[in-house]
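For reference, query_7.cif is printed below; it contains mmCIF, C-alpha atoms and all ligand atoms; chains and numbers go by the auth columns.
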data_target
loop_
_atom_site.group_PDB
_atom_site.id
_atom_site.type_symbol
_atom_site.label_atom_id
_atom_site.label_comp_id
_atom_site.label_asym_id
_atom_site.label_seq_id
_atom_site.Cartn_x
_atom_site.Cartn_y
_atom_site.Cartn_z
_atom_site.B_iso_or_equiv
_atom_site.auth_seq_id
_atom_site.auth_asym_id
ATOM 1 C CA MET A 1 -36.995 64.225 38.854 0.00 1 A
ATOM 2 C CA ALA A 2 -38.007 66.645 36.065 0.00 2 A
ATOM 3 C CA LYS A 3 -37.145 65.372 32.614 0.00 3 A
ATOM 4 C CA LEU A 4 -34.399 67.019 30.537 0.00 4 A
ATOM 5 C CA THR A 5 -34.970 67.337 26.774 0.00 5 A
ATOM 6 C CA LEU A 6 -32.393 68.855 24.447 0.00 6 A
ATOM 7 C CA TYR A 7 -33.612 70.343 21.166 0.00 7 A
ATOM 8 C CA HIS A 8 -30.656 69.432 19.083 0.00 8 A
ATOM 9 C CA ALA A 9 -29.086 69.317 15.638 0.00 9 A
ATOM 10 C CA ALA A 10 -25.709 67.760 14.918 0.00 10 A
ATOM 11 C CA PRO A 11 -23.314 69.319 14.381 0.00 11 A
ATOM 12 C CA SER A 12 -24.374 72.707 15.682 0.00 12 A
ATOM 13 C CA ARG A 13 -24.124 74.930 18.731 0.00 13 A
ATOM 14 C CA SER A 14 -26.421 72.495 20.517 0.00 14 A
ATOM 15 C CA SER A 15 -23.428 70.124 20.561 0.00 15 A
ATOM 16 C CA ILE A 16 -22.070 72.428 23.293 0.00 16 A
ATOM 17 C CA VAL A 17 -25.042 71.486 25.466 0.00 17 A
ATOM 18 C CA ARG A 18 -24.802 67.828 24.541 0.00 18 A
ATOM 19 C CA TRP A 19 -21.213 67.816 25.844 0.00 19 A
ATOM 20 C CA MET A 20 -22.414 69.564 29.012 0.00 20 A
ATOM 21 C CA LEU A 21 -25.134 66.938 29.506 0.00 21 A
ATOM 22 C CA GLU A 22 -22.600 64.152 29.016 0.00 22 A
ATOM 23 C CA GLU A 23 -20.380 65.796 31.654 0.00 23 A
ATOM 24 C CA LEU A 24 -23.343 65.956 34.040 0.00 24 A
ATOM 25 C CA GLY A 25 -24.184 62.300 33.630 0.00 25 A
ATOM 26 C CA GLU A 26 -27.913 62.996 34.002 0.00 26 A
ATOM 27 C CA PRO A 27 -30.330 61.154 31.677 0.00 27 A
ATOM 28 C CA TYR A 28 -31.747 63.301 28.900 0.00 28 A
ATOM 29 C CA ASP A 29 -33.948 62.966 25.835 0.00 29 A
ATOM 30 C CA LEU A 30 -33.146 64.381 22.444 0.00 30 A
ATOM 31 C CA HIS A 31 -35.550 66.185 20.159 0.00 31 A
ATOM 32 C CA VAL A 32 -33.617 66.256 16.895 0.00 32 A
ATOM 33 C CA LEU A 33 -34.306 68.944 14.298 0.00 33 A
ATOM 34 C CA ASN A 34 -33.244 68.954 10.679 0.00 34 A
ATOM 35 C CA LEU A 35 -31.944 72.491 10.162 0.00 35 A
ATOM 36 C CA ALA A 36 -31.483 71.971 6.412 0.00 36 A
ATOM 37 C CA LYS A 37 -35.211 71.264 6.132 0.00 37 A
ATOM 38 C CA GLY A 38 -36.004 74.373 8.163 0.00 38 A
ATOM 39 C CA GLU A 39 -37.682 72.479 11.018 0.00 39 A
ATOM 40 C CA GLN A 40 -36.383 75.126 13.427 0.00 40 A
ATOM 41 C CA HIS A 41 -38.718 77.664 11.819 0.00 41 A
ATOM 42 C CA GLN A 42 -41.851 75.527 12.109 0.00 42 A
ATOM 43 C CA PRO A 43 -44.500 76.684 14.614 0.00 43 A
ATOM 44 C CA ASP A 44 -43.935 73.798 17.044 0.00 44 A
ATOM 45 C CA HIS A 45 -40.261 74.724 17.451 0.00 45 A
ATOM 46 C CA LEU A 46 -40.926 78.469 17.454 0.00 46 A
ATOM 47 C CA ALA A 47 -43.157 77.803 20.463 0.00 47 A
ATOM 48 C CA VAL A 48 -40.047 76.433 22.198 0.00 48 A
ATOM 49 C CA ASN A 49 -37.553 78.977 20.882 0.00 49 A
ATOM 50 C CA PRO A 50 -39.021 81.981 19.061 0.00 50 A
ATOM 51 C CA MET A 51 -35.506 82.635 17.708 0.00 51 A
ATOM 52 C CA GLY A 52 -35.931 79.575 15.479 0.00 52 A
ATOM 53 C CA LYS A 53 -32.643 78.126 16.642 0.00 53 A
ATOM 54 C CA VAL A 54 -31.027 75.298 18.555 0.00 54 A
ATOM 55 C CA PRO A 55 -30.097 74.623 21.267 0.00 55 A
ATOM 56 C CA ALA A 56 -33.070 74.790 23.588 0.00 56 A
ATOM 57 C CA LEU A 57 -33.433 72.799 26.773 0.00 57 A
ATOM 58 C CA LYS A 58 -36.680 71.781 28.422 0.00 58 A
ATOM 59 C CA HIS A 59 -36.379 70.923 32.111 0.00 59 A
ATOM 60 C CA GLY A 60 -39.777 70.073 33.521 0.00 60 A
ATOM 61 C CA ASP A 61 -41.858 73.083 32.496 0.00 61 A
ATOM 62 C CA ALA A 62 -38.880 75.430 32.121 0.00 62 A
ATOM 63 C CA ILE A 63 -37.435 76.199 28.708 0.00 63 A
ATOM 64 C CA ILE A 64 -33.963 77.680 28.496 0.00 64 A
ATOM 65 C CA THR A 65 -32.275 78.857 25.298 0.00 65 A
ATOM 66 C CA GLU A 66 -28.786 80.222 24.501 0.00 66 A
ATOM 67 C CA ALA A 67 -26.026 77.649 24.858 0.00 67 A
ATOM 68 C CA ALA A 68 -24.060 79.502 27.532 0.00 68 A
ATOM 69 C CA ALA A 69 -27.176 80.174 29.619 0.00 69 A
ATOM 70 C CA ILE A 70 -28.179 76.513 29.383 0.00 70 A
ATOM 71 C CA CYS A 71 -24.737 75.359 30.534 0.00 71 A
ATOM 72 C CA THR A 72 -24.760 77.854 33.419 0.00 72 A
ATOM 73 C CA TYR A 73 -28.245 76.674 34.395 0.00 73 A
ATOM 74 C CA LEU A 74 -27.350 72.976 34.293 0.00 74 A
ATOM 75 C CA ALA A 75 -24.182 73.470 36.312 0.00 75 A
ATOM 76 C CA ASP A 76 -26.129 75.281 39.054 0.00 76 A
ATOM 77 C CA GLU A 77 -29.113 72.948 38.928 0.00 77 A
ATOM 78 C CA PHE A 78 -26.981 69.812 39.346 0.00 78 A
ATOM 79 C CA PRO A 79 -24.226 70.972 41.719 0.00 79 A
ATOM 80 C CA HIS A 80 -23.214 67.416 42.614 0.00 80 A
ATOM 81 C CA ALA A 81 -21.371 67.282 39.272 0.00 81 A
ATOM 82 C CA ARG A 82 -19.090 70.133 40.455 0.00 82 A
ATOM 83 C CA LEU A 83 -19.292 71.894 37.108 0.00 83 A
ATOM 84 C CA ASN A 84 -20.212 75.243 38.673 0.00 84 A
ATOM 85 C CA VAL A 85 -18.641 77.683 41.072 0.00 85 A
ATOM 86 C CA PRO A 86 -21.380 78.306 43.619 0.00 86 A
ATOM 87 C CA VAL A 87 -22.767 81.643 44.816 0.00 87 A
ATOM 88 C CA GLY A 88 -20.652 82.791 47.752 0.00 88 A
ATOM 89 C CA ASP A 89 -17.393 81.430 46.355 0.00 89 A
ATOM 90 C CA PRO A 90 -15.082 84.337 45.381 0.00 90 A
ATOM 91 C CA ARG A 91 -14.172 82.450 42.186 0.00 91 A
ATOM 92 C CA ARG A 92 -17.801 82.775 40.988 0.00 92 A
ATOM 93 C CA GLY A 93 -17.156 86.183 39.398 0.00 93 A
ATOM 94 C CA PRO A 94 -14.310 85.053 37.112 0.00 94 A
ATOM 95 C CA TYR A 95 -16.243 81.841 36.362 0.00 95 A
ATOM 96 C CA LEU A 96 -19.267 83.846 35.149 0.00 96 A
ATOM 97 C CA LYS A 97 -16.976 86.193 33.238 0.00 97 A
ATOM 98 C CA TRP A 98 -15.715 83.310 31.088 0.00 98 A
ATOM 99 C CA LEU A 99 -19.238 81.974 30.532 0.00 99 A
ATOM 100 C CA PHE A 100 -20.219 85.385 29.118 0.00 100 A
ATOM 101 C CA PHE A 101 -16.900 85.998 27.348 0.00 101 A
ATOM 102 C CA ALA A 102 -17.422 83.204 24.796 0.00 102 A
ATOM 103 C CA PRO A 103 -20.787 84.377 23.369 0.00 103 A
ATOM 104 C CA GLY A 104 -20.154 88.061 24.177 0.00 104 A
ATOM 105 C CA CYS A 105 -16.605 88.457 22.868 0.00 105 A
ATOM 106 C CA ILE A 106 -15.018 85.390 21.224 0.00 106 A
ATOM 107 C CA GLU A 107 -17.953 84.494 19.009 0.00 107 A
ATOM 108 C CA PRO A 108 -18.767 87.995 17.679 0.00 108 A
ATOM 109 C CA ALA A 109 -15.064 88.737 17.163 0.00 109 A
ATOM 110 C CA MET A 110 -14.809 85.511 15.167 0.00 110 A
ATOM 111 C CA THR A 111 -17.934 86.031 13.051 0.00 111 A
ATOM 112 C CA ASP A 112 -17.186 89.706 12.379 0.00 112 A
ATOM 113 C CA ARG A 113 -13.812 88.637 11.049 0.00 113 A
ATOM 114 C CA ALA A 114 -15.374 85.916 8.880 0.00 114 A
ATOM 115 C CA PHE A 115 -18.085 88.270 7.569 0.00 115 A
ATOM 116 C CA PRO A 116 -16.539 91.749 7.661 0.00 116 A
ATOM 117 C CA ARG A 117 -18.787 94.793 7.892 0.00 117 A
ATOM 118 C CA GLN A 118 -18.687 97.287 5.062 0.00 118 A
ATOM 119 C CA GLU A 119 -17.880 100.015 7.513 0.00 119 A
ATOM 120 C CA GLN A 120 -15.641 99.286 10.491 0.00 120 A
ATOM 121 C CA PRO A 121 -17.352 100.533 13.674 0.00 121 A
ATOM 122 C CA ARG A 122 -15.397 102.444 16.285 0.00 122 A
ATOM 123 C CA ARG A 123 -13.652 100.063 18.700 0.00 123 A
ATOM 124 C CA GLY A 124 -15.529 101.566 21.617 0.00 124 A
ATOM 125 C CA MET A 125 -18.849 100.634 20.012 0.00 125 A
ATOM 126 C CA LEU A 126 -17.968 96.957 19.736 0.00 126 A
ATOM 127 C CA GLY A 127 -18.555 95.062 22.972 0.00 127 A
ATOM 128 C CA TYR A 128 -15.582 92.862 22.236 0.00 128 A
ATOM 129 C CA GLY A 129 -13.269 95.724 21.312 0.00 129 A
ATOM 130 C CA ASP A 130 -11.092 94.107 18.687 0.00 130 A
ATOM 131 C CA PHE A 131 -10.236 90.614 17.488 0.00 131 A
ATOM 132 C CA ASP A 132 -6.564 90.623 18.511 0.00 132 A
ATOM 133 C CA THR A 133 -7.282 91.699 22.090 0.00 133 A
ATOM 134 C CA VAL A 134 -9.982 89.023 22.451 0.00 134 A
ATOM 135 C CA MET A 135 -7.565 86.356 21.193 0.00 135 A
ATOM 136 C CA ALA A 136 -4.760 87.557 23.470 0.00 136 A
ATOM 137 C CA VAL A 137 -7.026 87.621 26.551 0.00 137 A
ATOM 138 C CA ALA A 138 -8.419 84.157 25.780 0.00 138 A
ATOM 139 C CA ALA A 139 -4.924 82.732 25.188 0.00 139 A
ATOM 140 C CA GLU A 140 -3.657 84.039 28.540 0.00 140 A
ATOM 141 C CA ALA A 141 -6.728 82.614 30.308 0.00 141 A
ATOM 142 C CA VAL A 142 -6.246 79.063 29.041 0.00 142 A
ATOM 143 C CA GLU A 143 -2.497 78.990 29.587 0.00 143 A
ATOM 144 C CA PRO A 144 -1.790 78.035 33.200 0.00 144 A
ATOM 145 C CA GLY A 145 -4.503 75.378 32.998 0.00 145 A
ATOM 146 C CA PRO A 146 -5.346 72.733 32.987 0.00 146 A
ATOM 147 C CA TYR A 147 -8.706 74.557 32.929 0.00 147 A
ATOM 148 C CA LEU A 148 -10.000 78.135 33.059 0.00 148 A
ATOM 149 C CA MET A 149 -10.617 77.841 36.796 0.00 149 A
ATOM 150 C CA GLY A 150 -7.360 75.998 37.422 0.00 150 A
ATOM 151 C CA GLU A 151 -7.689 72.391 38.535 0.00 151 A
ATOM 152 C CA GLN A 152 -11.505 72.484 38.460 0.00 152 A
ATOM 153 C CA PHE A 153 -13.163 71.737 35.125 0.00 153 A
ATOM 154 C CA THR A 154 -16.375 73.801 34.868 0.00 154 A
ATOM 155 C CA ALA A 155 -19.204 74.750 32.538 0.00 155 A
ATOM 156 C CA ALA A 156 -17.029 77.696 31.474 0.00 156 A
ATOM 157 C CA ASP A 157 -14.625 75.214 29.857 0.00 157 A
ATOM 158 C CA VAL A 158 -17.513 73.584 27.980 0.00 158 A
ATOM 159 C CA VAL A 159 -18.594 76.950 26.572 0.00 159 A
ATOM 160 C CA VAL A 160 -15.212 78.599 25.927 0.00 160 A
ATOM 161 C CA GLY A 161 -13.610 75.300 24.898 0.00 161 A
ATOM 162 C CA SER A 162 -16.373 74.519 22.397 0.00 162 A
ATOM 163 C CA THR A 163 -16.070 77.968 20.834 0.00 163 A
ATOM 164 C CA LEU A 164 -12.277 77.676 20.481 0.00 164 A
ATOM 165 C CA ARG A 165 -12.516 74.097 19.230 0.00 165 A
ATOM 166 C CA TRP A 166 -15.103 74.892 16.553 0.00 166 A
ATOM 167 C CA GLY A 167 -13.442 78.186 15.659 0.00 167 A
ATOM 168 C CA MET A 168 -10.114 76.471 14.958 0.00 168 A
ATOM 169 C CA MET A 169 -11.762 73.516 13.218 0.00 169 A
ATOM 170 C CA PHE A 170 -13.466 75.838 10.723 0.00 170 A
ATOM 171 C CA GLY A 171 -10.413 78.074 10.282 0.00 171 A
ATOM 172 C CA LEU A 172 -12.178 81.033 11.919 0.00 172 A
ATOM 173 C CA LEU A 173 -9.708 81.344 14.792 0.00 173 A
ATOM 174 C CA PRO A 174 -5.919 81.223 14.724 0.00 174 A
ATOM 175 C CA LYS A 175 -4.358 77.940 15.883 0.00 175 A
ATOM 176 C CA ARG A 176 -2.437 79.626 18.688 0.00 176 A
ATOM 177 C CA PRO A 177 -0.330 77.046 20.558 0.00 177 A
ATOM 178 C CA LYS A 178 -2.126 77.913 23.819 0.00 178 A
ATOM 179 C CA PHE A 179 -5.525 77.284 22.231 0.00 179 A
ATOM 180 C CA VAL A 180 -4.340 74.034 20.653 0.00 180 A
ATOM 181 C CA ALA A 181 -2.924 72.770 23.963 0.00 181 A
ATOM 182 C CA TYR A 182 -6.084 73.693 25.886 0.00 182 A
ATOM 183 C CA VAL A 183 -8.450 72.106 23.362 0.00 183 A
ATOM 184 C CA GLY A 184 -6.173 69.049 23.317 0.00 184 A
ATOM 185 C CA ARG A 185 -6.622 68.728 27.106 0.00 185 A
ATOM 186 C CA LEU A 186 -10.402 69.065 26.724 0.00 186 A
ATOM 187 C CA GLN A 187 -10.448 66.385 24.033 0.00 187 A
ATOM 188 C CA GLN A 188 -9.050 63.913 26.548 0.00 188 A
ATOM 189 C CA ARG A 189 -12.317 64.119 28.456 0.00 189 A
ATOM 190 C CA ARG A 190 -14.502 61.052 28.087 0.00 190 A
ATOM 191 C CA ALA A 191 -17.695 63.132 28.071 0.00 191 A
ATOM 192 C CA LEU A 192 -16.539 65.182 25.075 0.00 192 A
ATOM 193 C CA GLN A 193 -15.421 62.041 23.242 0.00 193 A
ATOM 194 C CA ARG A 194 -18.837 60.503 23.943 0.00 194 A
ATOM 195 C CA ALA A 195 -20.699 63.615 22.779 0.00 195 A
ATOM 196 C CA ILE A 196 -18.677 63.750 19.544 0.00 196 A
ATOM 197 C CA ALA A 197 -19.282 60.042 18.824 0.00 197 A
ATOM 198 C CA LEU A 198 -23.002 60.335 19.556 0.00 198 A
ATOM 199 C CA ASP A 199 -23.293 63.370 17.291 0.00 199 A
ATOM 200 C CA GLN A 200 -21.414 61.595 14.514 0.00 200 A
ATOM 201 C CA SER A 201 -23.778 58.644 14.622 0.00 201 A
ATOM 202 C CA LEU A 202 -26.709 61.057 14.586 0.00 202 A
ATOM 203 C CA ALA A 203 -25.302 62.916 11.586 0.00 203 A
ATOM 204 C CA VAL A 204 -24.922 59.721 9.507 0.00 204 A
ATOM 205 C CA ALA A 205 -28.269 58.193 10.595 0.00 205 A
HETATM 206 N N1 LIG B . -26.995 82.592 20.363 0.00 1 B
HETATM 207 C C1 LIG B . -27.409 81.225 20.135 0.00 1 B
HETATM 208 C C2 LIG B . -27.057 80.845 18.716 0.00 1 B
HETATM 209 C C3 LIG B . -27.736 79.565 18.294 0.00 1 B
HETATM 210 C C4 LIG B . -27.557 79.320 16.806 0.00 1 B
HETATM 211 O O1 LIG B . -27.209 80.229 16.026 0.00 1 B
HETATM 212 N N2 LIG B . -27.819 78.082 16.389 0.00 1 B
HETATM 213 C C5 LIG B . -27.745 77.734 14.991 0.00 1 B
HETATM 214 C C6 LIG B . -27.058 76.375 14.842 0.00 1 B
HETATM 215 S S1 LIG B . -25.339 76.464 15.182 0.00 1 B
HETATM 216 C C7 LIG B . -29.130 77.567 14.412 0.00 1 B
HETATM 217 O O2 LIG B . -30.036 77.090 15.082 0.00 1 B
HETATM 218 N N3 LIG B . -29.285 77.930 13.142 0.00 1 B
HETATM 219 C C8 LIG B . -30.489 77.711 12.414 0.00 1 B
HETATM 220 C C9 LIG B . -31.138 78.979 11.924 0.00 1 B
HETATM 221 O O3 LIG B . -30.786 80.063 12.387 0.00 1 B
HETATM 222 O O4 LIG B . -32.004 78.853 11.073 0.00 1 B
HETATM 223 C C10 LIG B . -26.748 80.286 21.147 0.00 1 B
HETATM 224 O O5 LIG B . -25.601 80.566 21.546 0.00 1 B
HETATM 225 O O6 LIG B . -27.360 79.294 21.555 0.00 1 B
#

This entry written out as structure tokens:
Amino acid sequence: MAKLTLYHAAPSRSSIVRWMLEELGEPYDLHVLNLAKGEQHQPDHLAVNPMGKVPALKHGDAIITEAAAICTYLADEFPHARLNVPVGDPRRGPYLKWLFFAPGCIEPAMTDRAFPRQEQPRRGMLGYGDFDTVMAVAAEAVEPGPYLMGEQFTAADVVVGSTLRWGMMFGLLPKRPKFVAYVGRLQQRRALQRAIALDQSLAVA
């Protein structure tokens, strides 16, 4: 089987992929980068990800970047883990919507609020519209639960859940009761607990 290698720094957005890999239960190697030392901008890493960022995933000869794309890829590539909604299932559309919603709407709404622009663009020009609508839509989506796709935990929960978890942890997102309850459910998952513990030991090493 082709080897999986995660280009990782802890804590960072590559922790999203580490959680995903722990959910999958497939063996993987880590290639750890020190972001503070700028290793992500060195030529050997730029050959992997010309964006000079983590995460990146190498699977055999394939290199995938962008956390949400990597999680989507892994869920489809290892369907036995039941972390995807397969092509042909009518729930696939909403599943993909949430995978794109985190990097396409939640994250830019959050960072634009943290680092406001000098001039506020027209709402129609912003792909996410406005912060309050994004928060309201996300809160309604996580409410019935336990997961975004109902009883099935999927890669969409890894991506959306990580964004909400980090956003609240750093005070960038409001601690809405629906977000807190959802993230609390996710934190019960052994794979997330394992990923957090592994990242903590990496950070202190
Ligand atoms: N759009 C990328 C963002 C990745 C990203 O910004 N990673 C940060 C760590 S959280 C990084 O590598 N920063 C180092 C740098 O830009 O120099 C994704 O979702 O994977």

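One distance worth recording is that between atom S1 of ligand LIG 1 (chain B) and CA of Leu74 in chain A, which is 19.5 Å.
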
Explicit residues for the PyMOL selection byres (((not hetatm)) within 10 of (chain B and resi 1)) (as a ChimeraX atom specification) = /A:7-17,33-41,49,51-56,64-70,102-104,107,159,163

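Of the listed residues A:Thr111, A:Gln200, A:Asn84, A:Gln187, the one whose atoms come nearest to Ser162 in chain A is A:Gln187, with distances taken using all atoms listed in the file.
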
With 6 Å on each side, where is the centre of the axis-aligned box around all listed atoms of range 26-38 of chain A, and how long are its edges in Å to one decimal, as lines of an AutoDock Vina configuration file?
center_x = -32.0
center_y = 67.8
center_z = 20.1
size_x = 20.1
size_y = 25.2
size_z = 39.9

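Between Gly145 in chain A and the candidates A:Asp157, A:Arg18, A:Thr72, A:Val48, the tightest atom-to-atom separation, counting all atoms listed in the file, involves A:Asp157.
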
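Taking CA of Ala62 in chain A as the reference point, CA of Tyr95 in chain A is found at 23.9 Å.
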
Convert the output of the PyMOL selection byres (((chain A and resi 182) around 8) and not hetatm) on the shown file into explicit residues, formatted as a ChimeraX atom specification.
-> /A:142-143,145-147,161,178-181,183-186

Nearest to Ile106 in chain A: which of A:Leu172, A:Val87, A:Met135, A:Leu30 is it, counting all atoms listed in the file?
->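 Using all atoms listed in the file, the shortest distance to Ile106 in chain A belongs to A:Met135.
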
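Distance annotation: of A:Pro116, A:Met149, A:Ala155, A:Pro174, the residue with the minimal separation from Asp132 in chain A is A:Pro174; atom set is only C-alpha atoms.
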
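Take CA of Asp89 in chain A and CA of Ala156 in chain A: the distance between them is 15.3 Å.
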
Identify all residues satisfying the PyMOL selection byres (((chain A and resi 60) around 7) and not hetatm) in the given file; provide them as an MDAnalysis selection string.
-> chainID A and resid 2:4 58:59 61:62

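Ranking A:Pro50, A:Ala139, A:Met168, A:Leu173 by their shortest atom-to-atom distance to Pro108 in chain A, with all atoms listed in the file included, puts A:Leu173 first.
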